[in-house]
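Enquirer: Sharing a structure below in structure tokens format, with a few things to ask.
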Amino acid sequence: MDELLRLLQKNALETPADLAKVLDSTEEDVRSKISEYEDSGIIRGYQAIVDEDRLELNRVRAVIEVRITPEREGGFDHLAQRLSRFSEVESLFLMSGGYDLLVIVKGETLKEVAFFVSEKLATVNGVISTGTHFMLKTYKDQGVLMQDEKERERLQVSP
Amino acid sequence: MSNDQQKTRVASYLRDVPRSGIRDFFEIVRTRKGVISLGIGEPDFVTPWHIRESSIFALDHGATSYTANLGTLELRKAVSEYVERTTGMHYDPESEILITVGVSEGLDLAVRAIIDPGDELIYHEPSYVSYAPVVTFAHGVPVPVLTKQEDEFRLTRSHLAEKVGEKAKALLLNFPSNPTGAVLTNDDLKDISELAIENDLTVISDEIYSGLTYEGEPTSIASVPGMKERTILLNGLSKSWAMTGFRIGFACAPAELTEAMTKIHQYTMLCAPILSQKAAVEALLNGDKASEHMRNEYRQRRNFIHKSLNEMGLTCHLPKGAFYAFPYVGDCGMTAKDFSCRLLEEENVACVPGTAFGAAGEGFIRCSYATSLENIKEAMKRMSAFVSRLKT
Ligand SMILES: Cc1ncc(COP(=O)(O)O)c(C=O)c1O
């Protein structure tokens with residue numbers, strides 16, 4: 001993967017000037033490459049990674065295993081895209097193994113998520129079954145640890 | 001007051017060895033708060049988890065004993081494979097590899113194994129702080145050869161030839177170099193090898209930073225034809241795998257020299273700690289990806305710091321290895337030590353004065369980039385402000 005993308009994935013706030021220095025490139029070059037990635041849809045947005053557990057939001061998240069019937073034309077894609085339009089759906093993946101779709105759903109209360117699953121998701125034509133697991137606590141998300149690590153002790157000056 | 005207080009109990013050869021300039025500077029930095037330090041000679045990464053975990057696993061299973069003097073055969077085999085994979089040379093794990101407590105111990109053993117009292121050992125300056133003292137402790141004579149910024153601090157044949165005299169017994173090389181980040185070209189290696197063979201020198205090659213080479217592949221002088229039989233190759237896990245606290249190094253050398261070093265090692269150290277040896281096996285066998293990841297980070301920071309230093313008007317060659325930039329500050333109207341002290345006082349940034357690495361380091365400072373890019377950015381901002389005040 002392009003090093004520029006890797007750096008932006010790690011910190012999207014890095015300035016083009018600093019990125020250019022790190023990559024031994026020029027600021028204009030970095031700017032135009034970022035625009036290209038944005039225009040072509042490779043970069044799909046920039047977000048902060050937030051530890052929502054600290055906000056006491058009363059948010060619940062659930063992972064739902066969904067089995068569906070593939071359609072004659074379009075396979076799983078048609079139904080998967082349809083399900084991913086629900087605003088409650090945060091992420092959706094096609095899986096190998098015991099079920100077909102992995103759906104991550106966010107809501108304000110347990111009841112709300114349960115309602116969404118039973119009333120919206122399960123009732124869509126083609127959905128055979130759902131299995132819902134509620135998430136209790138986040139330890140690591142998108143490669144970022146959610147607990148603060150103690151500052152390491154290194155000698156301030158060493159050979 | 002008794003007479004005893006004037007009379008020292010310390011051996012005379014030791015009294016003349018000066019305290020490390022690093023330690024002096026450390027004492028100054030220690031008294032301050034909020035310092036951004038570019039003075040640190042060890043990785044900022046914590047040892048990769050899978051390596052730490054293998055030590056924990058070994059401890060769980062009761063690995064708490066001595067090992068063979070040479071180190072565990074398992075680790076020597078892993079070292080043999082690693083050296084062959086990275087340099088193309090084969091060393092026999094039964095007789096040509098010794099596991100040491102860091103390259104620090106390997107260095108001491110190598111010097112003591114080949115130096116008789118009065119023998120000269122030639123090394124290049126500015127250099128790692130231990131070389132001259134270790135030679136003195138072995139009652140040898142350390143002979144520095146200058147390396148220069150105009151040569152990007154590579155050791156050149158002509159400078160070296162001037163210092164090879166009657167009593168020259170050995171040559172100590174450290175590339176990639178601490179503190180200059182210099183790397184030798186294949187031609188340099190050939191030239192130096194020729195000279196070493198002509199003068200029958202034993203070569204100690206401290207390649208602890210070989211895993212942190214940013215341009216091209218690292219090459220060892222031992223792989224030059226005719227050199228393996230006269231070279232003690234030293235390397236370790238401190239830098240490439242961020243394992244300074246584990247204290248693991250290794251020496252690869254012809255059986256005769258390995259046996260000689262082992263003789264000292266068995267009586268003075270017995271063996272390297274077993275838990276660290278276990279971790280080292282994991283690093284060597286399964287740690288390429290982790291090491292590659294860290295190297296990539298260092299390379300990017302190097303690009304940043306090199307560009308920033310030159311932008312603020314300090315001449316700095318591109319360091320091709322290790323994690324140090326070594327800019328010239330001699331045109332700021334003060335010594336390297338004064339520059340470092342004032343930079344610390346006025347901007348709270350710590351860089352080690354080049355003179356800590358020998359007289360040849362006057363006019364330079366060592367800026368370590370083994371710290372986060374965030375820290376480097378802030379340090380460069382502060383340093384740039386400082387330099388522009390000096391230069392106007
Ligand atoms: C050039 C050089 N050699 C040897 C060492 C010592 O390393 P070890 O941790 O393996 O004893 C260092 C550490 O800073 C070094 O820079």
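The way I read the labels, and the way they are meant: chains A, B, ... in the order of the structure tokens, residue 1 as the first residue of every chain, and ligand 1 as the first ligand shown, with later ones counted on from there.
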Please identify all polymer residues within 12 Å of stretch 39-55 of chain A, counting only C-alpha atoms, omitting same-chain residues fewer than 5 positions from it, and present them as a PyMOL selection string.
Expert: chain A and resi 1-2+4-6+8-14+32-34+60-61+106+135-148
Enquirer: List every residue of stretch 222-309 of chain B that DSSP, applied to the backbone of this structure, assigns to strand (DSSP E or B), and report them as a ChimeraX atom specification.
Expert: /B:231-236,249-252
Enquirer: Only N, CA and C atoms, please: the residues just picked out, written as a tab-separated table (two decimals), in the first residue's frame.
Expert:
```tsv
chain	number	residue	atom	x	y	z
B	231	THR	N	37.95	-11.73	11.04
B	231	THR	CA	36.94	-10.79	11.52
B	231	THR	C	36.11	-11.37	12.66
B	232	ILE	N	35.90	-10.54	13.66
B	232	ILE	CA	34.91	-10.87	14.69
B	232	ILE	C	33.70	-9.99	14.42
B	233	LEU	N	32.62	-10.62	14.05
B	233	LEU	CA	31.41	-9.87	13.73
B	233	LEU	C	30.54	-9.79	14.99
B	234	LEU	N	30.20	-8.57	15.39
B	234	LEU	CA	29.34	-8.39	16.56
B	234	LEU	C	28.00	-7.84	16.12
B	235	ASN	N	26.95	-8.40	16.68
B	235	ASN	CA	25.62	-7.85	16.41
B	235	ASN	C	24.75	-8.18	17.61
B	236	GLY	N	23.53	-7.66	17.60
B	236	GLY	CA	22.66	-7.92	18.74
B	236	GLY	C	21.24	-7.52	18.45
B	249	GLY	N	23.32	-10.07	22.74
B	249	GLY	CA	24.14	-9.83	21.55
B	249	GLY	C	24.75	-11.15	21.12
B	250	PHE	N	25.48	-11.12	20.01
B	250	PHE	CA	26.19	-12.33	19.62
B	250	PHE	C	27.46	-11.98	18.87
B	251	ALA	N	28.44	-12.89	19.00
B	251	ALA	CA	29.71	-12.74	18.29
B	251	ALA	C	29.84	-13.91	17.34
B	252	CYS	N	30.17	-13.62	16.06
B	252	CYS	CA	30.45	-14.66	15.09
B	252	CYS	C	31.90	-14.52	14.66
```
Enquirer: Quick one: contact table of chain B to ligand 1, 9 Å max, nearest atom pair and distance in Å to one decimal per residue, counting only C-alpha atoms and all ligand atoms, chain and number order, as JSON lines?
Expert:
```
{"residue": "B:Ile40", "atom": "CA", "partner": "ligand 1", "partner_atom_place_in_ligand_line": "14 (O)", "distance": 9.0}
{"residue": "B:Gly41", "atom": "CA", "partner": "ligand 1", "partner_atom_place_in_ligand_line": "14 (O)", "distance": 5.4}
{"residue": "B:Glu42", "atom": "CA", "partner": "ligand 1", "partner_atom_place_in_ligand_line": "14 (O)", "distance": 6.4}
{"residue": "B:Thr100", "atom": "CA", "partner": "ligand 1", "partner_atom_place_in_ligand_line": "10 (O)", "distance": 8.5}
{"residue": "B:Val101", "atom": "CA", "partner": "ligand 1", "partner_atom_place_in_ligand_line": "11 (O)", "distance": 6.8}
{"residue": "B:Gly102", "atom": "CA", "partner": "ligand 1", "partner_atom_place_in_ligand_line": "10 (O)", "distance": 3.4}
{"residue": "B:Val103", "atom": "CA", "partner": "ligand 1", "partner_atom_place_in_ligand_line": "10 (O)", "distance": 3.6}
{"residue": "B:Ser104", "atom": "CA", "partner": "ligand 1", "partner_atom_place_in_ligand_line": "11 (O)", "distance": 3.7}
{"residue": "B:Glu105", "atom": "CA", "partner": "ligand 1", "partner_atom_place_in_ligand_line": "11 (O)", "distance": 6.6}
{"residue": "B:Gly106", "atom": "CA", "partner": "ligand 1", "partner_atom_place_in_ligand_line": "11 (O)", "distance": 8.0}
{"residue": "B:Leu107", "atom": "CA", "partner": "ligand 1", "partner_atom_place_in_ligand_line": "4 (C)", "distance": 7.6}
{"residue": "B:Ser127", "atom": "CA", "partner": "ligand 1", "partner_atom_place_in_ligand_line": "1 (C)", "distance": 7.6}
{"residue": "B:Tyr128", "atom": "CA", "partner": "ligand 1", "partner_atom_place_in_ligand_line": "1 (C)", "distance": 5.1}
{"residue": "B:Val129", "atom": "CA", "partner": "ligand 1", "partner_atom_place_in_ligand_line": "1 (C)", "distance": 8.2}
{"residue": "B:Ser130", "atom": "CA", "partner": "ligand 1", "partner_atom_place_in_ligand_line": "3 (N)", "distance": 7.8}
{"residue": "B:Tyr131", "atom": "CA", "partner": "ligand 1", "partner_atom_place_in_ligand_line": "3 (N)", "distance": 8.6}
{"residue": "B:Asn174", "atom": "CA", "partner": "ligand 1", "partner_atom_place_in_ligand_line": "1 (C)", "distance": 6.1}
{"residue": "B:Phe175", "atom": "CA", "partner": "ligand 1", "partner_atom_place_in_ligand_line": "1 (C)", "distance": 8.1}
{"residue": "B:Pro176", "atom": "CA", "partner": "ligand 1", "partner_atom_place_in_ligand_line": "1 (C)", "distance": 8.1}
{"residue": "B:Ser177", "atom": "CA", "partner": "ligand 1", "partner_atom_place_in_ligand_line": "1 (C)", "distance": 6.2}
{"residue": "B:Asn178", "atom": "CA", "partner": "ligand 1", "partner_atom_place_in_ligand_line": "1 (C)", "distance": 5.0}
{"residue": "B:Pro179", "atom": "CA", "partner": "ligand 1", "partner_atom_place_in_ligand_line": "16 (O)", "distance": 7.6}
{"residue": "B:Asp206", "atom": "CA", "partner": "ligand 1", "partner_atom_place_in_ligand_line": "3 (N)", "distance": 6.0}
{"residue": "B:Glu207", "atom": "CA", "partner": "ligand 1", "partner_atom_place_in_ligand_line": "1 (C)", "distance": 7.5}
{"residue": "B:Ile208", "atom": "CA", "partner": "ligand 1", "partner_atom_place_in_ligand_line": "3 (N)", "distance": 5.8}
{"residue": "B:Tyr209", "atom": "CA", "partner": "ligand 1", "partner_atom_place_in_ligand_line": "1 (C)", "distance": 7.2}
{"residue": "B:Leu234", "atom": "CA", "partner": "ligand 1", "partner_atom_place_in_ligand_line": "3 (N)", "distance": 8.6}
{"residue": "B:Asn235", "atom": "CA", "partner": "ligand 1", "partner_atom_place_in_ligand_line": "10 (O)", "distance": 7.1}
{"residue": "B:Gly236", "atom": "CA", "partner": "ligand 1", "partner_atom_place_in_ligand_line": "10 (O)", "distance": 5.2}
{"residue": "B:Leu237", "atom": "CA", "partner": "ligand 1", "partner_atom_place_in_ligand_line": "10 (O)", "distance": 6.6}
{"residue": "B:Ser238", "atom": "CA", "partner": "ligand 1", "partner_atom_place_in_ligand_line": "9 (O)", "distance": 4.9}
{"residue": "B:Lys239", "atom": "CA", "partner": "ligand 1", "partner_atom_place_in_ligand_line": "9 (O)", "distance": 7.4}
{"residue": "B:Met243", "atom": "CA", "partner": "ligand 1", "partner_atom_place_in_ligand_line": "9 (O)", "distance": 7.8}
{"residue": "B:Thr244", "atom": "CA", "partner": "ligand 1", "partner_atom_place_in_ligand_line": "9 (O)", "distance": 4.9}
{"residue": "B:Gly245", "atom": "CA", "partner": "ligand 1", "partner_atom_place_in_ligand_line": "9 (O)", "distance": 7.5}
{"residue": "B:Phe246", "atom": "CA", "partner": "ligand 1", "partner_atom_place_in_ligand_line": "9 (O)", "distance": 8.2}
{"residue": "B:Arg247", "atom": "CA", "partner": "ligand 1", "partner_atom_place_in_ligand_line": "9 (O)", "distance": 5.7}
{"residue": "B:Ile248", "atom": "CA", "partner": "ligand 1", "partner_atom_place_in_ligand_line": "10 (O)", "distance": 6.1}
{"residue": "B:Gly249", "atom": "CA", "partner": "ligand 1", "partner_atom_place_in_ligand_line": "10 (O)", "distance": 5.3}
{"residue": "B:Phe250", "atom": "CA", "partner": "ligand 1", "partner_atom_place_in_ligand_line": "10 (O)", "distance": 8.5}
{"residue": "B:Ala322", "atom": "CA", "partner": "ligand 1", "partner_atom_place_in_ligand_line": "16 (O)", "distance": 8.4}
```
Enquirer: Give me, as JSON lines, the closest atom pair and its distance (Å, one decimal) for every residue of chain B within a cut-off of 7 Å of chain A, counting only C-alpha atoms, rows sorted by chain and rising number.
Expert:
```
{"residue": "B:Ile22", "atom": "CA", "partner": "A:Pro159", "partner_atom": "CA", "distance": 6.3}
{"residue": "B:Phe26", "atom": "CA", "partner": "A:Val157", "partner_atom": "CA", "distance": 5.2}
{"residue": "B:Ser37", "atom": "CA", "partner": "A:Gln156", "partner_atom": "CA", "distance": 6.1}
{"residue": "B:Gly39", "atom": "CA", "partner": "A:Val157", "partner_atom": "CA", "distance": 4.7}
{"residue": "B:Ile40", "atom": "CA", "partner": "A:Val157", "partner_atom": "CA", "distance": 4.8}
{"residue": "B:Gly41", "atom": "CA", "partner": "A:Ser158", "partner_atom": "CA", "distance": 5.1}
{"residue": "B:Val129", "atom": "CA", "partner": "A:Pro159", "partner_atom": "CA", "distance": 6.8}
{"residue": "B:Gln300", "atom": "CA", "partner": "A:Val22", "partner_atom": "CA", "distance": 4.7}
{"residue": "B:Arg301", "atom": "CA", "partner": "A:Val22", "partner_atom": "CA", "distance": 6.1}
{"residue": "B:Asn303", "atom": "CA", "partner": "A:Val22", "partner_atom": "CA", "distance": 5.2}
{"residue": "B:Phe304", "atom": "CA", "partner": "A:Val22", "partner_atom": "CA", "distance": 4.7}
{"residue": "B:Lys307", "atom": "CA", "partner": "A:Lys21", "partner_atom": "CA", "distance": 6.6}
```
Enquirer: From a DSSP pass on the backbone, collect the residues of stretch 22-154 of chain A flagged as alpha helix (DSSP H) and hand them back as a PyMOL selection string.
Expert: chain A and resi 22-23+27-40+77-84+110-115
Enquirer: Write a file of the selected residues as a short mmCIF file (atom, residue, chain, number, x, y, z; two decimals), in the first residue's frame, keeping N, CA, C and O atoms.
Expert:
```
data_model
loop_
_atom_site.label_atom_id
_atom_site.label_comp_id
_atom_site.auth_asym_id
_atom_site.auth_seq_id
_atom_site.Cartn_x
_atom_site.Cartn_y
_atom_site.Cartn_z
N VAL A 22 8.39 13.81 5.51
CA VAL A 22 8.53 12.43 5.94
C VAL A 22 8.75 11.51 4.74
O VAL A 22 9.53 10.56 4.80
N LEU A 23 8.06 11.81 3.62
CA LEU A 23 8.12 10.92 2.46
C LEU A 23 9.18 11.34 1.46
O LEU A 23 9.29 10.76 0.38
N GLU A 27 5.31 19.20 -1.23
CA GLU A 27 3.99 19.47 -0.71
C GLU A 27 2.94 19.37 -1.83
O GLU A 27 1.87 18.78 -1.64
N GLU A 28 3.26 19.94 -2.99
CA GLU A 28 2.30 19.92 -4.11
C GLU A 28 1.99 18.47 -4.50
O GLU A 28 0.84 18.12 -4.77
N ASP A 29 3.05 17.68 -4.54
CA ASP A 29 2.89 16.29 -4.93
C ASP A 29 1.96 15.55 -3.97
O ASP A 29 1.09 14.79 -4.39
N VAL A 30 2.17 15.80 -2.68
CA VAL A 30 1.34 15.15 -1.67
C VAL A 30 -0.11 15.61 -1.81
O VAL A 30 -1.04 14.81 -1.82
N ARG A 31 -0.30 16.94 -1.97
CA ARG A 31 -1.66 17.47 -2.13
C ARG A 31 -2.38 16.85 -3.32
O ARG A 31 -3.53 16.44 -3.23
N SER A 32 -1.67 16.75 -4.43
CA SER A 32 -2.36 16.26 -5.63
C SER A 32 -2.64 14.76 -5.51
O SER A 32 -3.67 14.27 -5.98
N LYS A 33 -1.74 14.04 -4.84
CA LYS A 33 -2.01 12.61 -4.65
C LYS A 33 -3.22 12.39 -3.73
O LYS A 33 -4.04 11.51 -3.99
N ILE A 34 -3.32 13.22 -2.69
CA ILE A 34 -4.48 13.09 -1.78
C ILE A 34 -5.77 13.38 -2.55
O ILE A 34 -6.75 12.64 -2.43
N SER A 35 -5.75 14.44 -3.37
CA SER A 35 -6.94 14.76 -4.16
C SER A 35 -7.33 13.60 -5.07
O SER A 35 -8.49 13.25 -5.20
N GLU A 36 -6.31 13.00 -5.68
CA GLU A 36 -6.59 11.86 -6.56
C GLU A 36 -7.27 10.73 -5.80
O GLU A 36 -8.25 10.15 -6.28
N TYR A 37 -6.73 10.43 -4.61
CA TYR A 37 -7.33 9.37 -3.80
C TYR A 37 -8.76 9.72 -3.41
O TYR A 37 -9.63 8.86 -3.36
N GLU A 38 -8.99 11.01 -3.13
CA GLU A 38 -10.34 11.42 -2.74
C GLU A 38 -11.29 11.32 -3.94
O GLU A 38 -12.40 10.80 -3.84
N ASP A 39 -10.80 11.81 -5.09
CA ASP A 39 -11.66 11.81 -6.28
C ASP A 39 -12.01 10.40 -6.73
O ASP A 39 -13.13 10.13 -7.16
N SER A 40 -11.02 9.50 -6.64
CA SER A 40 -11.27 8.15 -7.15
C SER A 40 -12.02 7.30 -6.13
O SER A 40 -12.36 6.16 -6.41
N ASP A 77 -24.92 -9.57 -3.17
CA ASP A 77 -24.67 -8.12 -3.21
C ASP A 77 -25.94 -7.29 -3.05
O ASP A 77 -25.98 -6.33 -2.29
N HIS A 78 -26.96 -7.69 -3.77
CA HIS A 78 -28.17 -6.89 -3.80
C HIS A 78 -28.75 -6.71 -2.39
O HIS A 78 -28.98 -5.60 -1.92
N LEU A 79 -28.89 -7.85 -1.71
CA LEU A 79 -29.48 -7.82 -0.38
C LEU A 79 -28.55 -7.11 0.62
O LEU A 79 -28.99 -6.33 1.46
N ALA A 80 -27.25 -7.38 0.48
CA ALA A 80 -26.28 -6.77 1.40
C ALA A 80 -26.30 -5.25 1.27
O ALA A 80 -26.29 -4.51 2.26
N GLN A 81 -26.36 -4.78 0.03
CA GLN A 81 -26.39 -3.34 -0.17
C GLN A 81 -27.68 -2.74 0.38
O GLN A 81 -27.68 -1.64 0.97
N ARG A 82 -28.75 -3.48 0.22
CA ARG A 82 -30.03 -3.00 0.74
C ARG A 82 -29.99 -2.85 2.26
O ARG A 82 -30.40 -1.83 2.82
N LEU A 83 -29.42 -3.88 2.92
CA LEU A 83 -29.34 -3.83 4.39
C LEU A 83 -28.40 -2.72 4.86
O LEU A 83 -28.63 -2.09 5.89
N SER A 84 -27.35 -2.48 4.09
CA SER A 84 -26.37 -1.49 4.56
C SER A 84 -26.91 -0.06 4.48
O SER A 84 -26.33 0.86 5.03
N LEU A 110 -30.79 -1.03 24.40
CA LEU A 110 -30.92 -2.43 24.03
C LEU A 110 -32.22 -2.67 23.27
O LEU A 110 -32.27 -3.36 22.26
N LYS A 111 -33.26 -2.02 23.79
CA LYS A 111 -34.58 -2.20 23.21
C LYS A 111 -34.62 -1.73 21.76
O LYS A 111 -35.18 -2.38 20.88
N GLU A 112 -33.97 -0.60 21.55
CA GLU A 112 -33.97 -0.02 20.21
C GLU A 112 -33.30 -0.96 19.22
O GLU A 112 -33.80 -1.18 18.11
N VAL A 113 -32.15 -1.51 19.63
CA VAL A 113 -31.43 -2.42 18.73
C VAL A 113 -32.25 -3.69 18.50
O VAL A 113 -32.39 -4.16 17.37
N ALA A 114 -32.82 -4.21 19.59
CA ALA A 114 -33.63 -5.42 19.46
C ALA A 114 -34.80 -5.20 18.52
O ALA A 114 -35.13 -6.05 17.69
N PHE A 115 -35.39 -4.02 18.64
CA PHE A 115 -36.51 -3.68 17.77
C PHE A 115 -36.07 -3.63 16.30
O PHE A 115 -36.72 -4.18 15.42
#
```
Enquirer: Find the spatial neighbours of A:Tyr99, counting only C-alpha atoms, within a cut-off of 8 Å - ignore same-chain residues fewer than 3 positions away - and output them as a PyMOL selection string.
Expert: chain A and resi 65-67+95-96+102
Enquirer: Next, write the just-selected residues to a file, as a PDB file, in the first residue's frame, keeping C-alpha atoms as the atom set.
Expert:
```pdb
ATOM      1  CA  GLU A  65     -24.832 -12.800  12.262  1.00  0.00           C
ATOM      2  CA  VAL A  66     -27.270 -12.937   9.359  1.00  0.00           C
ATOM      3  CA  ARG A  67     -27.994 -15.832   7.031  1.00  0.00           C
ATOM      4  CA  MET A  95     -18.404 -13.632   5.472  1.00  0.00           C
ATOM      5  CA  SER A  96     -17.338 -17.193   4.790  1.00  0.00           C
ATOM      6  CA  LEU A 102     -21.796  -9.765   9.694  1.00  0.00           C
TER       7      LEU A 102
END
```
Enquirer: Could you pull the residues within 6 Å of A:Val103, counting only C-alpha atoms, minus those fewer than 2 positions along the same chain, as a ChimeraX atom specification?
Expert: /A:63-64,91-92
Enquirer: Ranking B:Met334, B:Ala242, B:Leu195, B:Val134 by minimum distance to B:Trp49 and counting only C-alpha atoms, which one comes first?
Expert: B:Ala242
Enquirer: Quick one: residues within 9 Å of B:Gly361, only C-alpha atoms, excluding same-chain residues fewer than 3 positions away - as a list in words?
Expert: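 Counting only C-alpha atoms, the residues come to Glu125, Pro126, Ser127, Ala336, Pro353, Gly354, Thr355, Ala356, Phe357, Gly358, Phe364 and Ile365 of chain B.
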Enquirer: Take the residues from that selection and write them out as an mmCIF file, in the first residue's frame, keeping all heavy atoms.
Expert:
```cif
data_model
loop_
_atom_site.group_PDB
_atom_site.id
_atom_site.type_symbol
_atom_site.label_atom_id
_atom_site.label_comp_id
_atom_site.auth_asym_id
_atom_site.auth_seq_id
_atom_site.Cartn_x
_atom_site.Cartn_y
_atom_site.Cartn_z
ATOM 1 N N GLU B 125 36.677 7.865 14.576
ATOM 2 C CA GLU B 125 36.011 8.880 15.390
ATOM 3 C C GLU B 125 35.346 9.912 14.493
ATOM 4 O O GLU B 125 35.877 10.165 13.421
ATOM 5 C CB GLU B 125 37.069 9.587 16.274
ATOM 6 C CG GLU B 125 36.911 9.296 17.728
ATOM 7 C CD GLU B 125 37.794 10.211 18.581
ATOM 8 O OE1 GLU B 125 38.039 11.366 18.190
ATOM 9 O OE2 GLU B 125 38.221 9.762 19.621
ATOM 10 N N PRO B 126 34.220 10.525 14.893
ATOM 11 C CA PRO B 126 33.472 10.341 16.137
ATOM 12 C C PRO B 126 32.927 8.919 16.250
ATOM 13 O O PRO B 126 32.502 8.341 15.255
ATOM 14 C CB PRO B 126 32.316 11.332 16.016
ATOM 15 C CG PRO B 126 32.583 12.165 14.809
ATOM 16 C CD PRO B 126 33.616 11.511 13.999
ATOM 17 N N SER B 127 32.946 8.391 17.477
ATOM 18 C CA SER B 127 32.588 6.988 17.646
ATOM 19 C C SER B 127 31.747 6.771 18.885
ATOM 20 O O SER B 127 31.652 7.631 19.755
ATOM 21 C CB SER B 127 33.851 6.150 17.783
ATOM 22 O OG SER B 127 34.355 6.273 19.096
ATOM 23 N N ALA B 336 30.397 22.877 20.491
ATOM 24 C CA ALA B 336 29.267 21.940 20.458
ATOM 25 C C ALA B 336 28.621 21.854 21.846
ATOM 26 O O ALA B 336 27.402 21.818 21.988
ATOM 27 C CB ALA B 336 29.742 20.570 19.996
ATOM 28 N N PRO B 353 26.276 16.847 22.666
ATOM 29 C CA PRO B 353 27.385 17.472 21.948
ATOM 30 C C PRO B 353 28.301 16.420 21.324
ATOM 31 O O PRO B 353 28.566 15.387 21.937
ATOM 32 C CB PRO B 353 28.131 18.265 23.040
ATOM 33 C CG PRO B 353 27.625 17.749 24.339
ATOM 34 C CD PRO B 353 26.273 17.165 24.097
ATOM 35 N N GLY B 354 28.755 16.682 20.100
ATOM 36 C CA GLY B 354 29.571 15.715 19.369
ATOM 37 C C GLY B 354 30.836 15.307 20.093
ATOM 38 O O GLY B 354 31.350 14.205 19.887
ATOM 39 N N THR B 355 31.332 16.175 20.963
ATOM 40 C CA THR B 355 32.577 15.881 21.681
ATOM 41 C C THR B 355 32.421 14.710 22.653
ATOM 42 O O THR B 355 33.417 14.151 23.098
ATOM 43 C CB THR B 355 33.064 17.125 22.444
ATOM 44 O OG1 THR B 355 31.923 17.800 22.999
ATOM 45 C CG2 THR B 355 33.789 18.078 21.519
ATOM 46 N N ALA B 356 31.178 14.338 22.981
ATOM 47 C CA ALA B 356 30.979 13.137 23.812
ATOM 48 C C ALA B 356 31.446 11.898 23.059
ATOM 49 O O ALA B 356 31.675 10.852 23.654
ATOM 50 C CB ALA B 356 29.515 12.990 24.196
ATOM 51 N N PHE B 357 31.605 12.036 21.725
ATOM 52 C CA PHE B 357 32.000 10.891 20.889
ATOM 53 C C PHE B 357 33.433 11.038 20.388
ATOM 54 O O PHE B 357 33.801 10.502 19.361
ATOM 55 C CB PHE B 357 31.017 10.742 19.729
ATOM 56 C CG PHE B 357 29.586 10.718 20.194
ATOM 57 C CD1 PHE B 357 28.811 11.875 20.175
ATOM 58 C CD2 PHE B 357 29.038 9.558 20.707
ATOM 59 C CE1 PHE B 357 27.507 11.862 20.644
ATOM 60 C CE2 PHE B 357 27.733 9.539 21.189
ATOM 61 C CZ PHE B 357 26.963 10.692 21.153
ATOM 62 N N GLY B 358 34.221 11.804 21.145
ATOM 63 C CA GLY B 358 35.615 12.002 20.787
ATOM 64 C C GLY B 358 35.851 13.414 20.285
ATOM 65 O O GLY B 358 34.916 14.110 19.866
ATOM 66 N N PHE B 364 29.857 19.469 16.100
ATOM 67 C CA PHE B 364 28.657 18.711 15.717
ATOM 68 C C PHE B 364 27.806 18.390 16.943
ATOM 69 O O PHE B 364 28.300 18.398 18.066
ATOM 70 C CB PHE B 364 29.047 17.403 15.025
ATOM 71 C CG PHE B 364 29.777 17.610 13.731
ATOM 72 C CD1 PHE B 364 31.173 17.729 13.708
ATOM 73 C CD2 PHE B 364 29.084 17.704 12.536
ATOM 74 C CE1 PHE B 364 31.855 17.941 12.520
ATOM 75 C CE2 PHE B 364 29.757 17.910 11.338
ATOM 76 C CZ PHE B 364 31.146 18.036 11.332
ATOM 77 N N ILE B 365 26.539 18.111 16.697
ATOM 78 C CA ILE B 365 25.698 17.568 17.766
ATOM 79 C C ILE B 365 24.998 16.318 17.242
ATOM 80 O O ILE B 365 24.774 16.188 16.038
ATOM 81 C CB ILE B 365 24.634 18.576 18.260
ATOM 82 C CG1 ILE B 365 23.744 19.037 17.105
ATOM 83 C CG2 ILE B 365 25.290 19.766 18.941
ATOM 84 C CD1 ILE B 365 22.516 19.809 17.532
#
```
Enquirer: Any idea what the distance is between atom CA of B:Tyr123 and atom CA of B:Leu318?
Expert: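 Those two atoms sit 22.1 Å apart.
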Enquirer: One decimal, in Å: what's the spacing between atom CA of B:Met227 and atom CA of B:Lys190?
Expert: 9.9 Å
Enquirer: May I have the residues within 12 Å of B:Glu162 as a ChimeraX atom specification, using only C-alpha atoms and disregarding those fewer than 2 positions away in the same chain?
Expert: /B:122,143-146,156-160,164-166,168,195
Enquirer: For the atom pair atom CA of B:Val111 and atom CA of B:Ala138, what is the interatomic distance in Å to one decimal place?
Expert: 7.0 Å
Enquirer: I need the residue nearest B:Phe45 from this list: B:Thr262, B:Ser276, B:Thr67, B:Ser240. Use only C-alpha atoms for the distance.
Expert: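 Counting only C-alpha atoms, the residue closest to B:Phe45 is B:Ser240.
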Enquirer: Hey, what's within 7 Å of B:Tyr91 if we count only C-alpha atoms and toss same-chain stuff fewer than 2 positions away? As a compact mmCIF listing (two decimals) with N, CA, C and O atoms, in the first residue's frame, please?
Expert:
```txt
# COMPACT_ATOMS: atom_id res chain seq x y z
N SER B 80 22.68 -18.25 13.50
CA SER B 80 23.35 -18.73 12.30
C SER B 80 22.48 -18.50 11.06
O SER B 80 22.94 -17.99 10.04
N MET B 89 26.80 -15.30 4.81
CA MET B 89 27.91 -16.07 5.37
C MET B 89 27.42 -17.12 6.33
O MET B 89 26.48 -16.90 7.09
N PRO B 93 26.97 -23.04 14.30
CA PRO B 93 26.41 -22.75 15.63
C PRO B 93 27.12 -23.52 16.75
O PRO B 93 27.03 -23.14 17.90
N GLU B 96 31.29 -21.47 16.20
CA GLU B 96 31.67 -20.14 15.71
C GLU B 96 30.72 -19.02 16.15
O GLU B 96 30.79 -17.91 15.67
N ILE B 97 29.81 -19.35 17.06
CA ILE B 97 28.84 -18.35 17.52
C ILE B 97 28.79 -18.36 19.05
O ILE B 97 28.67 -19.41 19.67
N CYS B 252 30.17 -13.62 16.06
CA CYS B 252 30.45 -14.66 15.09
C CYS B 252 31.90 -14.52 14.66
O CYS B 252 32.31 -13.43 14.23
```
